[in-house]
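S.K.: Pasting a structure below so you can have a look.
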Amino acid sequence: MELEATFPKITTHVLQEMKLKQEKIAMLTAYDFSMARILDQAGIDIILVGDSASNVMAGHKTTLPITLNDMIYHASSVMRAVKRALVVVDLPFGTYQGDSKVALQSAIRIMKEAGANAVKMEGGEEILESIERILSAGIPVMGHLGLTPQSIHKFGTYVVRATDEDEARKLVHDAQILEEAGCFGIILEKIPARLAAEVAQKVRIPVIGIGAGHEVDGQVLVLHDMLGITQEFSPRFLRRYHNLSEEIKGSVKAYITDVKSIDFPNEREQY
Ligand code: KIV
């Protein structure tokens with residue numbers, strides 16, 4: 001029997017209980033139907049339709065170019081596959097930072113048109129008004145602090161964030177603000193493990209890390225990175241579980257050889 005038939009649907013309340021029970025939360029990205037179905041059947045707790053789709057699906061250098069329509073397309077494909085996992089969708093750059101009414105409209109489109117379970121937004125106090133307006137419409141929000149890729153042009157580099165005291169204190173303060181506002185969880189990206197542990201202890205909502213050590217409530221990775229489909233991205237925090245890029249290349253080369261040598265299709269593979 002498939003996992004999704006025997007286990008209940010993951011909700012934000014289930015995640016909260018997991019934190020209380022100190023059960024770690026496993027989260028991965030997905031952007032399409034086929035991968036999302038595999039992840040869901042394998043028992044992943046949260047699927048993030050990340051704006052990293054801008055990099056791994058569309059080949060952009062940053063997450064900035066992806067549009068709300070693109071995100072709705074990816075999220076709709078994922079939603080058609082998922083039965084058990086909680087599906088969180090990134091609000092893309094430019095759809096929530098300036099005007100909280102625009103932010104609410106963006107979030108509503110993701111919930112209505114894709115059927116998503118929640119949205120994720122990068123930033124703390126500076127986007128509080130947008131977060132509060134979206135929450136007031138009954139839409140669950142996940143925060144994202146530390147290295148926030150939509151701000152790459154402000155940071156200028158993808159190095160570890162919050163290594164100095166001022167940025168570390170602001171990050172702890174922002175995490176508490178997100179919790180008080182009503183966010184159901186927070187992602188901490190590429191910050192010192194000690195600081196991430198402090199945040200996870202200070203807030204009651206689940207804290208999911210990526211490059212933030214193990215003393216948090218769960219982990220997230222970009223699927224294409226952990227499967228070894230992407231090759232050029234190798235930060236210290238990335239554990240590669242496969243070298244799928246080489247395996248796919250091997251299969252494609254074998255297919256090319258078979259076609260060119262008229263080995264494929266054979267007698268049994270034709271009508
Ligand atoms: O877009 C994304 O994949 C993300 C993860 C890196 C957390 O935000």
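Residue numbering restarts at 1 for every chain of the structure tokens, chains are lettered A, B, ... in their displayed order, and ligands are numbered from 1 as they appear.
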Just the residues within 10 Å of segment 49-51 of chain A, please, counting only C-alpha atoms, with nothing from its chain fewer than 3 positions along; format it as a ChimeraX atom specification.

M.R.: /A:28-32,36,46,54-57,62-68,70-72,74-79,87-93,116,119-120,149-150,222

S.K.: Report the distance between atom CA of Gly143 of chain A and atom CA of Gly211 of chain A in Å, rounded to one decimal place.

M.R.: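 For atom CA of Gly143 of chain A relative to atom CA of Gly211 of chain A, the distance reads 16.0 Å.
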
S.K.: Show which residues sit within 7 Å of Phe184 of chain A, as a list in words. Count only C-alpha atoms, and ignore same-chain residues fewer than 6 positions away.

M.R.: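 After dropping sequence-adjacent residues, the list is Thr12, Pro140, Val141, Met142 and Ile205 of chain A.
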
S.K.: DSSP says helix (DSSP H, G or I) for which residues of segment 38-265 of chain A? Put them as a VMD selection string?

M.R.: chain A and resid 38 to 42 53 to 56 68 to 81 100 to 114 125 to 136 149 to 155 165 to 181 193 to 202 223 to 226 244 to 260

S.K.: What parts of segment 68-169 of chain A does DSSP call strand (DSSP E)? I'd like the answer as number ranges by chain.

M.R.: A: 86-90, 118-122, 141-146

S.K.: Go ahead and save the residues from that selection, with N, CA, C and O atoms, as a PDB file, in the first residue's frame.

M.R.:
ATOM      1  N   LEU A  86       2.697  18.488   2.722  1.00  0.00           N
ATOM      2  CA  LEU A  86       2.242  19.876   2.713  1.00  0.00           C
ATOM      3  C   LEU A  86       3.009  20.577   1.579  1.00  0.00           C
ATOM      4  O   LEU A  86       4.219  20.431   1.482  1.00  0.00           O
ATOM      5  N   VAL A  87       2.287  21.299   0.735  1.00  0.00           N
ATOM      6  CA  VAL A  87       2.945  21.975  -0.395  1.00  0.00           C
ATOM      7  C   VAL A  87       3.011  23.482  -0.136  1.00  0.00           C
ATOM      8  O   VAL A  87       1.989  24.150   0.017  1.00  0.00           O
ATOM      9  N   VAL A  88       4.242  23.972  -0.071  1.00  0.00           N
ATOM     10  CA  VAL A  88       4.510  25.395   0.176  1.00  0.00           C
ATOM     11  C   VAL A  88       5.053  25.994  -1.121  1.00  0.00           C
ATOM     12  O   VAL A  88       5.919  25.397  -1.759  1.00  0.00           O
ATOM     13  N   VAL A  89       4.562  27.162  -1.483  1.00  0.00           N
ATOM     14  CA  VAL A  89       4.967  27.783  -2.761  1.00  0.00           C
ATOM     15  C   VAL A  89       5.611  29.142  -2.494  1.00  0.00           C
ATOM     16  O   VAL A  89       5.058  29.966  -1.755  1.00  0.00           O
ATOM     17  N   ASP A  90       6.771  29.371  -3.109  1.00  0.00           N
ATOM     18  CA  ASP A  90       7.450  30.662  -2.959  1.00  0.00           C
ATOM     19  C   ASP A  90       6.678  31.773  -3.665  1.00  0.00           C
ATOM     20  O   ASP A  90       6.285  31.627  -4.832  1.00  0.00           O
ATOM     21  N   ALA A 118       0.213  26.588   1.230  1.00  0.00           N
ATOM     22  CA  ALA A 118       0.838  27.690   1.972  1.00  0.00           C
ATOM     23  C   ALA A 118       1.788  28.439   1.044  1.00  0.00           C
ATOM     24  O   ALA A 118       2.151  27.929  -0.021  1.00  0.00           O
ATOM     25  N   VAL A 119       2.182  29.640   1.469  1.00  0.00           N
ATOM     26  CA  VAL A 119       3.185  30.400   0.698  1.00  0.00           C
ATOM     27  C   VAL A 119       4.410  30.655   1.567  1.00  0.00           C
ATOM     28  O   VAL A 119       4.332  30.594   2.798  1.00  0.00           O
ATOM     29  N   LYS A 120       5.533  30.927   0.902  1.00  0.00           N
ATOM     30  CA  LYS A 120       6.771  31.274   1.618  1.00  0.00           C
ATOM     31  C   LYS A 120       7.253  32.628   1.123  1.00  0.00           C
ATOM     32  O   LYS A 120       7.131  32.930  -0.069  1.00  0.00           O
ATOM     33  N   MET A 121       7.783  33.423   2.066  1.00  0.00           N
ATOM     34  CA  MET A 121       8.243  34.774   1.726  1.00  0.00           C
ATOM     35  C   MET A 121       9.592  35.035   2.379  1.00  0.00           C
ATOM     36  O   MET A 121       9.814  34.624   3.517  1.00  0.00           O
ATOM     37  N   GLU A 122      10.469  35.721   1.674  1.00  0.00           N
ATOM     38  CA  GLU A 122      11.811  36.023   2.197  1.00  0.00           C
ATOM     39  C   GLU A 122      11.813  37.372   2.908  1.00  0.00           C
ATOM     40  O   GLU A 122      11.367  38.374   2.338  1.00  0.00           O
ATOM     41  N   VAL A 141       1.612  31.114   6.153  1.00  0.00           N
ATOM     42  CA  VAL A 141       2.855  31.711   5.642  1.00  0.00           C
ATOM     43  C   VAL A 141       4.064  31.085   6.335  1.00  0.00           C
ATOM     44  O   VAL A 141       4.086  30.947   7.557  1.00  0.00           O
ATOM     45  N   MET A 142       5.058  30.757   5.528  1.00  0.00           N
ATOM     46  CA  MET A 142       6.353  30.309   6.045  1.00  0.00           C
ATOM     47  C   MET A 142       7.360  31.422   5.785  1.00  0.00           C
ATOM     48  O   MET A 142       7.380  31.994   4.688  1.00  0.00           O
ATOM     49  N   GLY A 143       8.171  31.751   6.795  1.00  0.00           N
ATOM     50  CA  GLY A 143       9.190  32.785   6.614  1.00  0.00           C
ATOM     51  C   GLY A 143      10.489  32.195   6.085  1.00  0.00           C
ATOM     52  O   GLY A 143      10.660  30.969   6.029  1.00  0.00           O
ATOM     53  N   HIS A 144      11.406  33.063   5.687  1.00  0.00           N
ATOM     54  CA  HIS A 144      12.706  32.625   5.160  1.00  0.00           C
ATOM     55  C   HIS A 144      13.718  33.715   5.511  1.00  0.00           C
ATOM     56  O   HIS A 144      13.602  34.843   5.032  1.00  0.00           O
ATOM     57  N   LEU A 145      14.691  33.370   6.368  1.00  0.00           N
ATOM     58  CA  LEU A 145      15.692  34.341   6.836  1.00  0.00           C
ATOM     59  C   LEU A 145      17.102  33.807   6.592  1.00  0.00           C
ATOM     60  O   LEU A 145      17.289  32.621   6.323  1.00  0.00           O
ATOM     61  N   GLY A 146      18.089  34.693   6.770  1.00  0.00           N
ATOM     62  CA  GLY A 146      19.483  34.318   6.552  1.00  0.00           C
ATOM     63  C   GLY A 146      19.873  34.694   5.142  1.00  0.00           C
ATOM     64  O   GLY A 146      19.652  35.832   4.711  1.00  0.00           O
TER      65      GLY A 146
END

S.K.: Using only C-alpha atoms and all ligand atoms, find the one residue out of A:Ser130, A:Ser261, A:Gln219, A:Asn266 that sits nearest to ligand 1.

M.R.: A:Gln219

S.K.: If I take atom CA of Ala200 of chain A and atom CA of Ile10 of chain A, how far is one from the other in Å, to one decimal?

M.R.: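 Pair atom CA of Ala200 of chain A / atom CA of Ile10 of chain A returns 20.5 Å.
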
S.K.: Tell me, in Å to one decimal, how far atom CA of Ala103 of chain A is from atom CA of Glu129 of chain A.

M.R.: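 Computed distance, atom CA of Ala103 of chain A to atom CA of Glu129 of chain A, equals 9.3 Å.
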
S.K.: Show me, as a compact mmCIF listing (two decimals) with all heavy atoms, in the first residue's frame, the residues that have an atom within 12 Å of segment 236-245 of chain A when counting only C-alpha atoms, minus same-chain residues fewer than 6 positions from it.

M.R.:
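Final output, saved to out_10.txt:
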# COMPACT_ATOMS: atom_id res chain seq x y z
N VAL A 159 27.84 34.13 0.33
CA VAL A 159 28.55 33.64 1.53
C VAL A 159 27.60 33.50 2.72
O VAL A 159 26.48 34.01 2.70
CB VAL A 159 29.73 34.57 1.95
CG1 VAL A 159 30.83 34.56 0.91
CG2 VAL A 159 29.25 35.96 2.29
N VAL A 160 28.09 32.83 3.77
CA VAL A 160 27.31 32.61 4.99
C VAL A 160 26.85 33.96 5.56
O VAL A 160 27.63 34.91 5.63
CB VAL A 160 28.19 31.89 6.06
CG1 VAL A 160 27.37 31.58 7.31
CG2 VAL A 160 28.81 30.63 5.48
N GLU A 189 18.54 29.89 6.06
CA GLU A 189 19.47 29.46 5.01
C GLU A 189 20.88 30.00 5.27
O GLU A 189 21.06 31.21 5.47
CB GLU A 189 18.96 29.94 3.64
CG GLU A 189 19.87 29.51 2.50
CD GLU A 189 19.24 29.63 1.11
OE1 GLU A 189 18.03 29.93 1.02
OE2 GLU A 189 19.98 29.44 0.13
N LYS A 190 21.83 29.08 5.24
CA LYS A 190 23.28 29.39 5.27
C LYS A 190 23.65 30.39 6.36
O LYS A 190 24.08 31.51 6.07
CB LYS A 190 23.73 29.86 3.89
CG LYS A 190 25.15 29.41 3.58
CD LYS A 190 25.51 29.65 2.14
CE LYS A 190 26.95 29.22 1.89
NZ LYS A 190 27.41 29.54 0.55
N ILE A 191 23.45 29.99 7.60
CA ILE A 191 23.86 30.80 8.75
C ILE A 191 24.62 29.88 9.71
O ILE A 191 24.51 28.65 9.61
CB ILE A 191 22.66 31.46 9.48
CG1 ILE A 191 21.73 30.39 10.09
CG2 ILE A 191 21.89 32.40 8.54
CD1 ILE A 191 20.73 30.98 11.07
N PRO A 192 25.39 30.43 10.66
CA PRO A 192 26.12 29.56 11.60
C PRO A 192 25.17 28.63 12.36
O PRO A 192 24.08 29.05 12.78
CB PRO A 192 26.79 30.57 12.55
CG PRO A 192 26.91 31.82 11.74
CD PRO A 192 25.69 31.86 10.87
N ALA A 193 25.60 27.37 12.52
CA ALA A 193 24.76 26.35 13.17
C ALA A 193 24.36 26.78 14.59
O ALA A 193 23.24 26.53 15.03
CB ALA A 193 25.52 25.03 13.21
N GLY A 209 16.22 24.07 8.36
CA GLY A 209 17.52 24.61 7.96
C GLY A 209 17.98 24.14 6.59
O GLY A 209 17.65 23.04 6.14
N ILE A 210 18.75 25.01 5.93
CA ILE A 210 19.52 24.62 4.74
C ILE A 210 20.87 25.29 4.93
O ILE A 210 20.99 26.51 4.88
CB ILE A 210 18.81 24.99 3.40
CG1 ILE A 210 19.73 24.74 2.21
CG2 ILE A 210 18.23 26.41 3.40
CD1 ILE A 210 19.02 24.72 0.85
N GLY A 211 21.88 24.49 5.25
CA GLY A 211 23.17 25.06 5.61
C GLY A 211 23.10 25.76 6.94
O GLY A 211 23.72 26.80 7.14
N ALA A 212 22.35 25.18 7.89
CA ALA A 212 22.16 25.80 9.20
C ALA A 212 22.37 24.78 10.33
O ALA A 212 21.88 24.97 11.44
CB ALA A 212 20.77 26.43 9.29
N GLY A 213 23.07 23.70 10.05
CA GLY A 213 23.37 22.69 11.07
C GLY A 213 22.19 21.80 11.40
O GLY A 213 21.13 21.90 10.79
N HIS A 214 22.39 20.91 12.40
CA HIS A 214 21.35 19.91 12.68
C HIS A 214 20.48 20.22 13.90
O HIS A 214 19.51 19.53 14.18
CB HIS A 214 21.96 18.50 12.81
CG HIS A 214 22.80 18.33 14.04
ND1 HIS A 214 24.15 18.54 14.03
CD2 HIS A 214 22.47 18.01 15.31
CE1 HIS A 214 24.62 18.34 15.24
NE2 HIS A 214 23.61 18.03 16.05
N GLN A 219 15.17 19.74 7.81
CA GLN A 219 16.13 20.13 6.76
C GLN A 219 15.42 20.25 5.43
O GLN A 219 14.45 19.53 5.16
CB GLN A 219 17.23 19.06 6.63
CG GLN A 219 18.04 18.84 7.89
CD GLN A 219 18.92 20.04 8.27
OE1 GLN A 219 19.41 20.78 7.40
NE2 GLN A 219 19.12 20.25 9.57
N VAL A 220 15.93 21.14 4.58
CA VAL A 220 15.45 21.26 3.20
C VAL A 220 16.65 21.31 2.27
O VAL A 220 17.69 21.88 2.62
CB VAL A 220 14.53 22.50 3.00
CG1 VAL A 220 15.22 23.80 3.33
CG2 VAL A 220 13.98 22.55 1.56
N LEU A 221 16.52 20.68 1.09
CA LEU A 221 17.53 20.80 0.03
C LEU A 221 16.80 20.99 -1.29
O LEU A 221 15.62 20.62 -1.43
CB LEU A 221 18.41 19.54 -0.05
CG LEU A 221 19.49 19.35 1.02
CD1 LEU A 221 20.19 18.00 0.83
CD2 LEU A 221 20.52 20.48 1.01
N VAL A 222 17.51 21.53 -2.25
CA VAL A 222 16.98 21.63 -3.61
C VAL A 222 17.16 20.24 -4.25
O VAL A 222 18.26 19.69 -4.27
CB VAL A 222 17.73 22.72 -4.41
CG1 VAL A 222 17.38 22.64 -5.89
CG2 VAL A 222 17.39 24.10 -3.85
N LEU A 223 16.06 19.67 -4.74
CA LEU A 223 16.05 18.29 -5.24
C LEU A 223 17.14 18.06 -6.29
O LEU A 223 17.86 17.05 -6.23
CB LEU A 223 14.66 17.99 -5.84
CG LEU A 223 14.46 16.58 -6.35
CD1 LEU A 223 14.44 15.58 -5.19
CD2 LEU A 223 13.16 16.48 -7.14
N HIS A 224 17.25 18.97 -7.25
CA HIS A 224 18.21 18.78 -8.35
C HIS A 224 19.65 18.79 -7.86
O HIS A 224 20.52 18.18 -8.48
CB HIS A 224 17.98 19.83 -9.44
CG HIS A 224 16.69 19.63 -10.17
ND1 HIS A 224 15.48 19.64 -9.54
CD2 HIS A 224 16.44 19.39 -11.47
CE1 HIS A 224 14.52 19.41 -10.42
NE2 HIS A 224 15.08 19.26 -11.61
N ASP A 225 19.90 19.47 -6.73
CA ASP A 225 21.25 19.48 -6.16
C ASP A 225 21.52 18.16 -5.44
O ASP A 225 22.58 17.56 -5.62
CB ASP A 225 21.41 20.64 -5.14
CG ASP A 225 21.28 22.00 -5.80
OD1 ASP A 225 21.50 22.09 -7.03
OD2 ASP A 225 20.93 22.97 -5.09
N MET A 226 20.57 17.69 -4.61
CA MET A 226 20.84 16.47 -3.83
C MET A 226 20.84 15.21 -4.71
O MET A 226 21.45 14.21 -4.36
CB MET A 226 19.88 16.33 -2.63
CG MET A 226 18.41 16.20 -2.92
SD MET A 226 17.89 14.51 -3.22
CE MET A 226 17.71 13.89 -1.57
N LEU A 227 20.19 15.28 -5.89
CA LEU A 227 20.22 14.14 -6.80
C LEU A 227 21.41 14.19 -7.75
O LEU A 227 21.63 13.25 -8.52
CB LEU A 227 18.92 14.09 -7.63
CG LEU A 227 17.63 13.71 -6.89
CD1 LEU A 227 16.45 13.74 -7.86
CD2 LEU A 227 17.75 12.35 -6.23
N GLY A 228 22.17 15.29 -7.72
CA GLY A 228 23.33 15.41 -8.61
C GLY A 228 22.93 15.68 -10.05
O GLY A 228 23.66 15.32 -10.98
N ILE A 229 21.77 16.29 -10.24
CA ILE A 229 21.39 16.71 -11.61
C ILE A 229 22.15 17.99 -11.94
O ILE A 229 22.71 18.14 -13.01
CB ILE A 229 19.86 16.90 -11.73
CG1 ILE A 229 19.14 15.57 -11.48
CG2 ILE A 229 19.49 17.47 -13.12
CD1 ILE A 229 17.63 15.66 -11.42
N THR A 230 22.17 18.93 -10.96
CA THR A 230 23.02 20.11 -11.11
C THR A 230 24.44 19.70 -10.71
O THR A 230 24.62 18.89 -9.81
CB THR A 230 22.54 21.26 -10.20
OG1 THR A 230 22.36 20.73 -8.88
CG2 THR A 230 21.24 21.85 -10.68
N SER A 251 22.69 6.75 -19.92
CA SER A 251 21.51 6.16 -20.56
C SER A 251 21.29 6.77 -21.94
O SER A 251 20.95 6.06 -22.90
CB SER A 251 20.26 6.40 -19.70
OG SER A 251 20.45 5.85 -18.44
N VAL A 252 21.45 8.08 -22.04
CA VAL A 252 21.22 8.76 -23.32
C VAL A 252 22.26 8.30 -24.34
O VAL A 252 21.93 8.02 -25.50
CB VAL A 252 21.24 10.30 -23.14
CG1 VAL A 252 21.20 11.01 -24.48
CG2 VAL A 252 20.07 10.74 -22.27

S.K.: Here is a test: counting only C-alpha atoms and all ligand atoms, which residue of A:Gln270, A:Asn117, A:Thr148, A:Thr11 is nearest to ligand 1?

M.R.: A:Thr148
